[in-house]
Structure formats: C-alpha cells, structure tokens
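What follows is one structure encoded as structure tokens, with my remarks underneath.
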Amino acid sequence: MPDFKDILDIHPNPCVIHINFVPKYANNAFAKFSGMACAEDVLSLPSIRVLFEEEHWPEAQRRYNHAIETGIPTPPEVINHMDLKGNPMIAEITDKVIDWYGEKAMCTFVSVVTDQIRRERTLRDMANRDDLTNLYNRRYLLDLFSERHAAQQRRQYLAMADIDHFKRINDTFGHPVGDLVLRRFAQEIEDFTAPDEYAFRLGGEEFALLIWADNHTEATTRLERLRVAVQDCEVRVSHPNSQPLSIGCTISIGATVLEATEDFLTASLRADEALYIAKKTGRNRVINYDASSEDKPDVG
Ligand SMILES: Nc1nc2c(ncn2[C@@H]2O[C@H](COP(=O)(O)OP(=O)(O)OP(=O)(O)O)[C@@H](O)[C@H]2O)c(=O)[nH]1
C-alpha cells in the first residue's frame, strides 16, 4: 500500500492538510498555487491563512469549525484568489475532515477554475446580449425586473425608444444600411447610460432603457438629451459606385417611473402607451408618464 503522501505529491490539484490552519502537509501543486517555491516553504508557515486574502478568513474559520465539530463536509466554495506573486485566479475549495495521526485535521483540495468560470460567464453574457448591436436583450431586461427590490433612494425609469420611420430607411437604402443605423443608434444609447443603468434592444428598431433619476423632470431632461443627440447624429455610409451617404434619423421615447414591486408587463404597458402617444403626436419627442406627470397619455 503506497503512502498517501506519495500519491498527493504527484496529484495535479493543490492539496494541503492543516489543523486550525497550521500546515501539516502540502503538495507541490499547493506550493505553486500559493506562489511559493516548494512544499517545505508552505510547511514553515505558522498558518496557511496568510496565503489567502484577509476577507476570506472569517468564512474559512466558520467552515473549519463547522466541519470539525459536525464531521459534515461543507459544500465546495468558489473564491477570487490572488497568489503571493499577485496572480489573480478563481479557485474552488473542497474540504474534508480526516484523521491525522489521532487528531482531527482538515484536508483541503483546491481546483483552479478560472478558465471554466470565465467561459461560463462569457456564455451567460452572450445569452443576454443582442447579436446585431451587442446591447442587452429582452431576456436580460426580464431577469433584471425579477431581481428588482423595493426601497431604492432614487427613482428608476423604464423608457421605450423607437426609431421613427425606420422602414423608410430600409426601403430607401437597403437592409444592410438599416443595420448600420441600428448599430449606430445602439452605440448612442449605450453611451447615454451610466454604469448602473442598462440599454436593451428588444427587437427590430425597438429599444429600452432602465435609468435612474431623482424626479420626473430630471428623467425627462435626460431623455430629451438623448433624443437631441440622436437627431444630431449622422450615419455615413460609403459606397464604391456613388457618393458617400449621410443618413439621419429621429427617435420617439415613451417613459414611465417604476413602482417598487411592479412586474415588467405592467410597467411596459405604461411605457408603450407613452411611446404610442409620442408617435401619434408627431414623433421625435419624449413622453414621460407617471402619476404626477402632465404627460398623461390621452389615448382616444
Ligand atoms: N435593417 C433591419 N431592419 C429591421 C430589423 N428588424 C426589423 N426591421 C425593420 O424595421 C421596420 C419597422 O417598421 P415599422 O414597424 O413599420 O415602423 P417605422 O417604419 O419605424 O415607423 P414608426 O415606428 O411608426 O415611426 C420594418 O421595415 C422591419 O423590416 C433588423 O434587424 N434590421
């Protein structure tokens, strides 16, 4: 029967055995993971805690105490980790209580899952994005709505934005040029949003925004600024057989303040109604509808 250390020494996963974080055994993979030269250097440490950022210490202690007291293994934990050389990585920690020459000790295995987690995050992000414009898509807007919580200091607004007479652009210049206009507009609303705000393409030439404002006037003023920015913007298209084209467009925006816990359907009906009014009353305008607003849709 080979000694377990002979097996662990050549195991590719970092492994350390410790009693209350005092190292008793470490394999070479653990030394490499920690940014140390060899396993002996790990064993010379008074505590392996120093190898992990301080923010992880309380949770590591809690997991250790729980596992030692109950013998029940804690579920694997994924942490952001930085080794002593400053290399960032994502690590999955798996613990198991073992008998260490008559004492209870913790055997900890580490899997570096940086690539896997990054791939998963990229895939998740791709599923939430629109192919043509790379803005967020309707699915992500619905996800955000299901995660909204009440008691925000500022007010959140849902705005529906729709390019005016977009069909004419397609019909006059062709679908690929229409796509260019959609991309240019997407860039415009992406630039408009603050880091904690979102821009979505819902489909076709329909877009949405989730923005913050202190009050109705601020929301309207900001959306007006977006409307004017789009009006002033030109998409230049070069063509080998003709003069370069310069295409402009305008947008209509319907917005509404969000009640704390309302669902997407309720809020989007109000924003859509406001957009409908914006279109019906001449396009290239912002209608911001909330209970205190003077822009109450007057559908009739
Ligand atoms: N180029 C391009 N066109 C699209 C895409 N998706 C939808 N469309 C076109 O968008 C146009 C939408 O036209 P309408 O719904 O009639 O609206 P509109 O012409 O913008 O008129 P109003 O909204 O009333 O101002 C149609 O011609 C669709 O074919 C796309 O991905 N790319």
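Each chain in the structure tokens gets a letter, A, B, ..., in the order shown, and its residues are numbered from 1; ligands are numbered from 1 in order too.
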Dump the neighbourhood of ligand 1 as a PyMOL selection string: all residues within 6 Å, distances computed on only C-alpha atoms and all ligand atoms.
chain A and resi 163-168+170+175-176+178-179+204-205
With DSSP run on the backbone, what are the strand (DSSP E or B) residues within segment 236-291 of chain A? I'd like them as an MDAnalysis selection string.
chainID A and resid 236:239 242:248 251:257 286:289
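Of the listed residues (A:Glu40, A:Asp263, A:Glu69, A:Glu59), A:Glu69 comes nearest to Met106 of chain A; the distances count only C-alpha atoms.
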As a PyMOL selection string, please: the residues near Ile68 of chain A (cut-off 10 Å, only C-alpha atoms, same-chain neighbours under 3 positions excluded).
chain A and resi 19-20+63-65+71-73+96-98+104-106
Select from segment 28-226 of chain A everything DSSP, run on the backbone, classes as helix (DSSP H, G or I), then give the selection as a PyMOL selection string.
chain A and resi 28-34+39-43+48-51+54-70+114-127+138-146+166-173+175-192+216-226
Residue nearest Leu132 of chain A among A:His81, A:Phe145, A:Thr94, A:Phe200 (counting only C-alpha atoms):
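Distance minimum relative to Leu132 of chain A lands on A:Phe200.
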If I take atom CA of Trp212 of chain A and atom CA of Tyr157 of chain A, how far is one from the other in Å, to one decimal?
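Straight-line distance from atom CA of Trp212 of chain A to atom CA of Tyr157 of chain A works out to 6.1 Å.
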Closest atom pairs, residues of segment 212-289 of chain A within 9 Å of segment 180-189 of chain A, only C-alpha atoms, as JSON lines:
```
{"residue": "A:Leu226", "atom": "CA", "partner": "A:Ile189", "partner_atom": "CA", "distance": 7.3}
{"residue": "A:Ala229", "atom": "CA", "partner": "A:Glu188", "partner_atom": "CA", "distance": 7.7}
{"residue": "A:Val230", "atom": "CA", "partner": "A:Glu188", "partner_atom": "CA", "distance": 7.1}
{"residue": "A:Cys233", "atom": "CA", "partner": "A:Phe185", "partner_atom": "CA", "distance": 8.8}
{"residue": "A:Glu234", "atom": "CA", "partner": "A:Arg184", "partner_atom": "CA", "distance": 8.8}
{"residue": "A:Val235", "atom": "CA", "partner": "A:Val181", "partner_atom": "CA", "distance": 6.4}
{"residue": "A:Val237", "atom": "CA", "partner": "A:Leu180", "partner_atom": "CA", "distance": 8.5}
{"residue": "A:Ile247", "atom": "CA", "partner": "A:Val181", "partner_atom": "CA", "distance": 8.0}
{"residue": "A:Gly248", "atom": "CA", "partner": "A:Val181", "partner_atom": "CA", "distance": 8.5}
{"residue": "A:Cys249", "atom": "CA", "partner": "A:Val181", "partner_atom": "CA", "distance": 8.3}
```
Shortest interatomic distance to Val110 of chain A - which of A:Leu265, A:Cys15, A:Ile211, A:Leu43, counting only C-alpha atoms:
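Selected residue with least distance to Val110 of chain A: A:Cys15.
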Excluding same-chain residues fewer than 3 positions from Ala91 of chain A, what lies within 7 Å of it counting only C-alpha atoms, as a PDB file with N, CA and C atoms, in the first residue's frame?
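Once everything was written out, this is part.pdb:
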```pdb
ATOM      1  N   VAL A  78     -16.415  28.695  -4.020  1.00  0.00           N
ATOM      2  CA  VAL A  78     -15.634  29.334  -5.091  1.00  0.00           C
ATOM      3  C   VAL A  78     -15.215  30.718  -4.615  1.00  0.00           C
ATOM      4  N   ILE A  79     -13.903  30.994  -4.668  1.00  0.00           N
ATOM      5  CA  ILE A  79     -13.415  32.302  -4.196  1.00  0.00           C
ATOM      6  C   ILE A  79     -12.522  32.955  -5.255  1.00  0.00           C
ATOM      7  N   ASN A  80     -12.492  34.282  -5.230  1.00  0.00           N
ATOM      8  CA  ASN A  80     -11.498  35.009  -6.023  1.00  0.00           C
ATOM      9  C   ASN A  80     -10.222  34.992  -5.209  1.00  0.00           C
ATOM     10  N   HIS A  81      -9.131  34.607  -5.835  1.00  0.00           N
ATOM     11  CA  HIS A  81      -7.888  34.432  -5.089  1.00  0.00           C
ATOM     12  C   HIS A  81      -6.742  35.125  -5.811  1.00  0.00           C
ATOM     13  N   VAL A 110      -7.848  22.141  -3.735  1.00  0.00           N
ATOM     14  CA  VAL A 110      -8.166  23.366  -4.480  1.00  0.00           C
ATOM     15  C   VAL A 110      -8.221  23.026  -5.975  1.00  0.00           C
ATOM     16  N   SER A 111      -9.239  23.524  -6.656  1.00  0.00           N
ATOM     17  CA  SER A 111      -9.258  23.435  -8.126  1.00  0.00           C
ATOM     18  C   SER A 111      -9.224  24.852  -8.663  1.00  0.00           C
ATOM     19  N   VAL A 112      -8.299  25.121  -9.545  1.00  0.00           N
ATOM     20  CA  VAL A 112      -8.284  26.441 -10.177  1.00  0.00           C
ATOM     21  C   VAL A 112      -9.271  26.393 -11.339  1.00  0.00           C
ATOM     22  N   VAL A 113     -10.343  27.157 -11.212  1.00  0.00           N
ATOM     23  CA  VAL A 113     -11.441  27.072 -12.183  1.00  0.00           C
ATOM     24  C   VAL A 113     -11.600  28.378 -12.974  1.00  0.00           C
ATOM     25  N   THR A 114     -10.521  29.156 -13.021  1.00  0.00           N
ATOM     26  CA  THR A 114     -10.592  30.468 -13.674  1.00  0.00           C
ATOM     27  C   THR A 114     -11.135  30.373 -15.099  1.00  0.00           C
TER      28      THR A 114
END
```
As a list in words, please: the residues near Ala37 of chain A (cut-off 12 Å, only C-alpha atoms, same-chain neighbours under 6 positions excluded).
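Surrounding residues, per the criterion: Asn27, Asn28, Ala29, Phe30, Ala31, Leu43, Ser44, Leu84 and Lys85 of chain A.
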Find the residues around Thr256 of chain A up to 12 Å (only C-alpha atoms counted), leave out those fewer than 2 positions away in its own chain, and share them as a ChimeraX atom specification.
/A:155-161,208-213,215-217,219-220,223,253-254,258-259,264,266-275,286-293,295-297
Long-range neighbours of Met126 of chain A as a PyMOL selection string, 10 Å cut-off, only C-alpha atoms, 5 positions minimum in chain
chain A and resi 120-121+131+134+136-137
Please dump the current selection as a PDB file, in the first residue's frame; keep N, CA, C and O atoms.
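Just written: again_8.pdb:
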```
ATOM      1  N   GLU A 120     -18.008  30.190 -18.608  1.00  0.00           N
ATOM      2  CA  GLU A 120     -19.430  30.191 -18.215  1.00  0.00           C
ATOM      3  C   GLU A 120     -19.984  31.612 -18.199  1.00  0.00           C
ATOM      4  O   GLU A 120     -21.086  31.875 -18.659  1.00  0.00           O
ATOM      5  N   ARG A 121     -19.169  32.548 -17.666  1.00  0.00           N
ATOM      6  CA  ARG A 121     -19.630  33.943 -17.603  1.00  0.00           C
ATOM      7  C   ARG A 121     -19.808  34.504 -19.007  1.00  0.00           C
ATOM      8  O   ARG A 121     -20.760  35.230 -19.283  1.00  0.00           O
ATOM      9  N   ASP A 131     -27.475  40.053 -30.857  1.00  0.00           N
ATOM     10  CA  ASP A 131     -26.387  39.763 -31.809  1.00  0.00           C
ATOM     11  C   ASP A 131     -25.952  40.990 -32.605  1.00  0.00           C
ATOM     12  O   ASP A 131     -24.762  41.239 -32.772  1.00  0.00           O
ATOM     13  N   ASN A 134     -25.095  44.139 -29.789  1.00  0.00           N
ATOM     14  CA  ASN A 134     -24.412  43.786 -28.534  1.00  0.00           C
ATOM     15  C   ASN A 134     -25.002  44.497 -27.309  1.00  0.00           C
ATOM     16  O   ASN A 134     -24.417  44.474 -26.230  1.00  0.00           O
ATOM     17  N   TYR A 136     -27.921  44.678 -24.316  1.00  0.00           N
ATOM     18  CA  TYR A 136     -28.659  43.620 -23.620  1.00  0.00           C
ATOM     19  C   TYR A 136     -29.959  43.329 -24.365  1.00  0.00           C
ATOM     20  O   TYR A 136     -30.466  44.185 -25.102  1.00  0.00           O
ATOM     21  N   ASN A 137     -30.489  42.122 -24.192  1.00  0.00           N
ATOM     22  CA  ASN A 137     -31.716  41.747 -24.896  1.00  0.00           C
ATOM     23  C   ASN A 137     -32.916  41.696 -23.941  1.00  0.00           C
ATOM     24  O   ASN A 137     -32.796  41.964 -22.745  1.00  0.00           O
TER      25      ASN A 137
END
```
I'd like the interatomic distance between atom CA of His11 of chain A and atom CA of Phe109 of chain A, to a tenth of an Å.
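Atom CA of Phe109 of chain A lies 10.3 Å from atom CA of His11 of chain A.
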